[in-house]
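Novice: Supplied in structure tokens, the structure appears directly below.
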Amino acid sequence: MKKIIPVAISILILGGIIVAVIFARKASNIPDNPADTIGNTSGNLNNRGLYCESGGYIYFSNLADNHYLYRMTSDGRDPERIAEVPVSYINAGGDYIYFYFDDPGGTKFMGISGKMSGIFRIKKDEKDFVCLDKCTSGVLNLIGSTLYYEHYDNTNGMQLYHSSLDGKDKGLAVSEIINPACVVNGDIYYCEQDSMKLKVYRPGSSGGSYFLEYPVYNPVADGSDLYFMNMSDDYKLYRYSLSDGQLTRLTDERIDTFNVYGSVIFYQRNHNPALIRMNTDGSNAIVIAEGNYENINCTSTYTFYSPFREDVTYMTYTFGGNGESAGFSPVAED
């Protein structure tokens, strides 16, 4: 009897440990996303991914408050500070937000001061965030249940990395420099670093293959169409149909950056600088603002933009209106 009791206690303790481990694993498990999940629009990601709309909210980098992570309703109400860390390349998938913590140095994180740049995850409606990869990175995009990002280190330079949603399975995807912003049916369309020719990379393959035999810049996907600046034609804006191969020039002027959202395009005109909005067929072009602008990020109600190299934000209607603009400087209630 004396021998049986310690054995029984040991079995109970072991059983308790097993149950605890099972619950811990369930608690840390991140459910897979649908295969067609894309974390943000390619146009937003090519403009630093400062805004990302998901589930009735816009998650954004507030330039008026140290680039901290905020959220507000899709119609611009109730701004709320989520995390006091500077962010960019914001993505959404399932119950989570993913972002690049763009630390200029000296940020205090978990009580420790120092440079803490990396790929992070935060659950919606929560404040605590988790580091998935402490690194320097460029563009980050969520494709299905995998994060792809431009990882940089001093030894290898820029390479395409991948990470699982929990950060446990991460590493080199391909040694080529690949901007993962532009995705169609799970394939990444990007410009080759040297030739700037358009290539396509299928995740899991050993590298990309050529798609167009002339140089382009900043490809953006919208449905079955690709939009890009055609370097062979003085950086004018073009549309390429993936369904029938038709190539259409949309502007007669050189542009510096652009974004596509549904039926409209916003672009920065190079000569006589101005931010322009037009329809995707090139019609109904109107001037939104005179001057040089960048960080053009589109959502279902508003499009946000900044004067070149200034931490100032303006907003205009994505659809409709006559190009009216207003300053955007939300302050959260502490």
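Following the order of the structure tokens, first chain is A, next is B, and so on, with residues numbered from 1 inside each chain and ligands from 1 in the order they appear.
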Can you pull out every residue within 12 Å of A:Ala285, counting only C-alpha atoms, but drop anything in the same chain fewer than 4 positions away, and send it as a ChimeraX atom specification?
Specialist: /A:250-252,264-269,274-281,322-323
Novice: Which residues are close to stretch 32-47 of chain A, i.e. within 7 Å by only C-alpha atoms, leaving aside same-chain residues fewer than 2 positions away? Reply as an mmCIF file with C-alpha atoms, in the first residue's frame.
Specialist:
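Written out: selection_2.cif:
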```cif
data_model
loop_
_atom_site.group_PDB
_atom_site.id
_atom_site.type_symbol
_atom_site.label_atom_id
_atom_site.label_comp_id
_atom_site.auth_asym_id
_atom_site.auth_seq_id
_atom_site.Cartn_x
_atom_site.Cartn_y
_atom_site.Cartn_z
ATOM 1 C CA ILE A 30 -2.046 30.227 -34.244
ATOM 2 C CA GLY A 49 2.228 49.636 -45.567
ATOM 3 C CA CYS A 52 -4.227 48.153 -43.271
ATOM 4 C CA TYR A 89 4.362 47.149 -43.353
ATOM 5 C CA ASN A 91 -0.596 43.128 -42.279
ATOM 6 C CA ALA A 92 -3.798 41.501 -41.032
ATOM 7 C CA GLY A 93 -4.838 37.853 -41.046
ATOM 8 C CA GLY A 94 -7.361 36.024 -38.887
ATOM 9 C CA VAL A 139 8.634 44.835 -47.184
ATOM 10 C CA ASN A 141 3.589 40.432 -46.613
ATOM 11 C CA LEU A 142 1.312 37.720 -45.236
ATOM 12 C CA ILE A 143 0.507 35.115 -47.894
ATOM 13 C CA GLY A 144 -1.860 32.433 -46.633
ATOM 14 C CA SER A 145 -0.313 31.264 -43.368
ATOM 15 C CA ALA A 181 4.229 42.999 -52.027
ATOM 16 C CA CYS A 182 2.619 42.011 -55.348
ATOM 17 C CA ASN A 218 6.710 48.830 -58.373
ATOM 18 C CA VAL A 220 0.834 46.331 -58.055
ATOM 19 C CA ALA A 221 -1.793 43.601 -58.318
ATOM 20 C CA ASN A 259 -1.541 53.048 -55.596
ATOM 21 C CA VAL A 260 -4.516 51.138 -57.013
ATOM 22 C CA ASN A 295 3.114 57.115 -48.611
ATOM 23 C CA ILE A 296 -0.141 56.831 -50.591
ATOM 24 C CA ASN A 297 -2.229 54.301 -48.642
ATOM 25 C CA CYS A 298 -5.792 53.450 -49.648
#
```
Novice: Show which residues sit within 7 Å of stretch 125-132 of chain A, as a list in words. Count only C-alpha atoms, and ignore same-chain residues fewer than 4 positions away.
Specialist: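 After dropping sequence-adjacent residues, the list is Ile82, Ala83, Gly118, Ile119, Phe120, Arg121, Asp166 and Gly167 of chain A.
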Novice: Restricted to all heavy atoms, what would the selected residues look like written as a PDB file, in the first residue's frame?
Specialist:
```
ATOM      1  N   ILE A  82      -2.536  51.355 -29.875  1.00  0.00           N
ATOM      2  CA  ILE A  82      -2.435  49.932 -29.524  1.00  0.00           C
ATOM      3  C   ILE A  82      -1.079  49.605 -28.930  1.00  0.00           C
ATOM      4  O   ILE A  82      -0.978  48.896 -27.928  1.00  0.00           O
ATOM      5  CB  ILE A  82      -2.687  49.049 -30.769  1.00  0.00           C
ATOM      6  CG1 ILE A  82      -4.114  49.243 -31.277  1.00  0.00           C
ATOM      7  CG2 ILE A  82      -2.432  47.580 -30.459  1.00  0.00           C
ATOM      8  CD1 ILE A  82      -4.410  48.488 -32.541  1.00  0.00           C
ATOM      9  N   ALA A  83      -0.023  50.103 -29.554  1.00  0.00           N
ATOM     10  CA  ALA A  83       1.323  49.778 -29.083  1.00  0.00           C
ATOM     11  C   ALA A  83       2.233  50.979 -29.280  1.00  0.00           C
ATOM     12  O   ALA A  83       2.226  51.597 -30.350  1.00  0.00           O
ATOM     13  CB  ALA A  83       1.877  48.568 -29.826  1.00  0.00           C
ATOM     14  N   GLY A 118      12.305  44.314 -35.817  1.00  0.00           N
ATOM     15  CA  GLY A 118      11.971  42.940 -36.143  1.00  0.00           C
ATOM     16  C   GLY A 118      10.546  42.787 -36.629  1.00  0.00           C
ATOM     17  O   GLY A 118       9.783  43.750 -36.734  1.00  0.00           O
ATOM     18  N   ILE A 119      10.181  41.533 -36.933  1.00  0.00           N
ATOM     19  CA  ILE A 119       8.837  41.169 -37.354  1.00  0.00           C
ATOM     20  C   ILE A 119       8.050  40.776 -36.103  1.00  0.00           C
ATOM     21  O   ILE A 119       8.478  39.907 -35.343  1.00  0.00           O
ATOM     22  CB  ILE A 119       8.861  39.998 -38.347  1.00  0.00           C
ATOM     23  CG1 ILE A 119       9.811  40.307 -39.520  1.00  0.00           C
ATOM     24  CG2 ILE A 119       7.458  39.685 -38.844  1.00  0.00           C
ATOM     25  CD1 ILE A 119       9.447  41.540 -40.311  1.00  0.00           C
ATOM     26  N   PHE A 120       6.884  41.408 -35.894  1.00  0.00           N
ATOM     27  CA  PHE A 120       6.114  41.202 -34.679  1.00  0.00           C
ATOM     28  C   PHE A 120       4.667  40.824 -35.003  1.00  0.00           C
ATOM     29  O   PHE A 120       4.165  41.089 -36.103  1.00  0.00           O
ATOM     30  CB  PHE A 120       6.118  42.465 -33.809  1.00  0.00           C
ATOM     31  CG  PHE A 120       7.391  42.663 -33.041  1.00  0.00           C
ATOM     32  CD1 PHE A 120       8.554  43.080 -33.685  1.00  0.00           C
ATOM     33  CD2 PHE A 120       7.452  42.428 -31.676  1.00  0.00           C
ATOM     34  CE1 PHE A 120       9.729  43.265 -32.986  1.00  0.00           C
ATOM     35  CE2 PHE A 120       8.620  42.617 -30.958  1.00  0.00           C
ATOM     36  CZ  PHE A 120       9.762  43.031 -31.612  1.00  0.00           C
ATOM     37  N   ARG A 121       4.004  40.236 -34.004  1.00  0.00           N
ATOM     38  CA  ARG A 121       2.593  39.858 -34.105  1.00  0.00           C
ATOM     39  C   ARG A 121       1.865  40.350 -32.869  1.00  0.00           C
ATOM     40  O   ARG A 121       2.388  40.301 -31.755  1.00  0.00           O
ATOM     41  CB  ARG A 121       2.476  38.324 -34.189  1.00  0.00           C
ATOM     42  CG  ARG A 121       1.046  37.808 -34.345  1.00  0.00           C
ATOM     43  CD  ARG A 121       0.969  36.301 -34.126  1.00  0.00           C
ATOM     44  NE  ARG A 121       1.096  35.965 -32.719  1.00  0.00           N
ATOM     45  CZ  ARG A 121       1.905  35.027 -32.229  1.00  0.00           C
ATOM     46  NH1 ARG A 121       2.680  34.331 -33.021  1.00  0.00           N
ATOM     47  NH2 ARG A 121       1.938  34.791 -30.923  1.00  0.00           N
ATOM     48  N   ASP A 166       3.676  31.520 -35.937  1.00  0.00           N
ATOM     49  CA  ASP A 166       4.166  31.534 -34.561  1.00  0.00           C
ATOM     50  C   ASP A 166       5.653  31.831 -34.465  1.00  0.00           C
ATOM     51  O   ASP A 166       6.214  31.904 -33.370  1.00  0.00           O
ATOM     52  CB  ASP A 166       3.842  30.215 -33.850  1.00  0.00           C
ATOM     53  CG  ASP A 166       4.450  29.003 -34.547  1.00  0.00           C
ATOM     54  OD1 ASP A 166       5.271  29.186 -35.470  1.00  0.00           O
ATOM     55  OD2 ASP A 166       4.083  27.870 -34.177  1.00  0.00           O
ATOM     56  N   GLY A 167       6.323  31.976 -35.609  1.00  0.00           N
ATOM     57  CA  GLY A 167       7.740  32.310 -35.626  1.00  0.00           C
ATOM     58  C   GLY A 167       8.670  31.145 -35.362  1.00  0.00           C
ATOM     59  O   GLY A 167       9.892  31.312 -35.344  1.00  0.00           O
TER      60      GLY A 167
END
```
Novice: Quick one: residues within 8 Å of A:Tyr305, only C-alpha atoms, excluding same-chain residues fewer than 2 positions away - as a PyMOL selection string?
Specialist: chain A and resi 293-297+303+307+313-315
Novice: Can you tell me which residues surround A:Tyr149 at a distance of at most 8 Å, considering only C-alpha atoms, apart from same-chain residues fewer than 3 positions away, and format the answer as a list in words?
Specialist: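 In the requested format, the answer is Ser137, Gly138, Val139, Leu140, Asn141, Leu160, Tyr161, His162, Asn179 and Pro180 of chain A.
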Novice: Give me the residues within 9 Å of A:Gly262 as a ChimeraX atom specification, counting only C-alpha atoms and dropping any in the same chain fewer than 5 places off.
Specialist: /A:222-223,280,300
Novice: For all heavy atoms, I'd like the residues from the last selection saved as a tab-separated table (two decimals), in the first residue's frame.
Specialist:
```tsv
chain	number	residue	atom	x	y	z
A	222	ASP	N	-4.12	44.02	-58.81
A	222	ASP	CA	-5.51	44.31	-58.50
A	222	ASP	C	-6.37	43.38	-59.33
A	222	ASP	O	-6.49	43.56	-60.55
A	222	ASP	CB	-5.85	45.77	-58.77
A	222	ASP	CG	-7.24	46.13	-58.24
A	222	ASP	OD1	-7.38	46.33	-57.02
A	222	ASP	OD2	-8.18	46.18	-59.06
A	223	GLY	N	-6.93	42.35	-58.71
A	223	GLY	CA	-7.66	41.35	-59.46
A	223	GLY	C	-6.74	40.59	-60.38
A	223	GLY	O	-5.69	40.09	-59.97
A	280	THR	N	-9.36	53.56	-63.20
A	280	THR	CA	-8.37	52.59	-63.66
A	280	THR	C	-8.30	52.49	-65.18
A	280	THR	O	-7.36	51.88	-65.71
A	280	THR	CB	-8.66	51.19	-63.07
A	280	THR	OG1	-10.04	50.86	-63.28
A	280	THR	CG2	-8.34	51.16	-61.58
A	300	SER	N	-11.09	51.63	-47.77
A	300	SER	CA	-12.38	51.65	-48.45
A	300	SER	C	-13.06	53.01	-48.42
A	300	SER	O	-13.86	53.33	-49.31
A	300	SER	CB	-13.31	50.60	-47.83
A	300	SER	OG	-13.51	50.86	-46.44
```
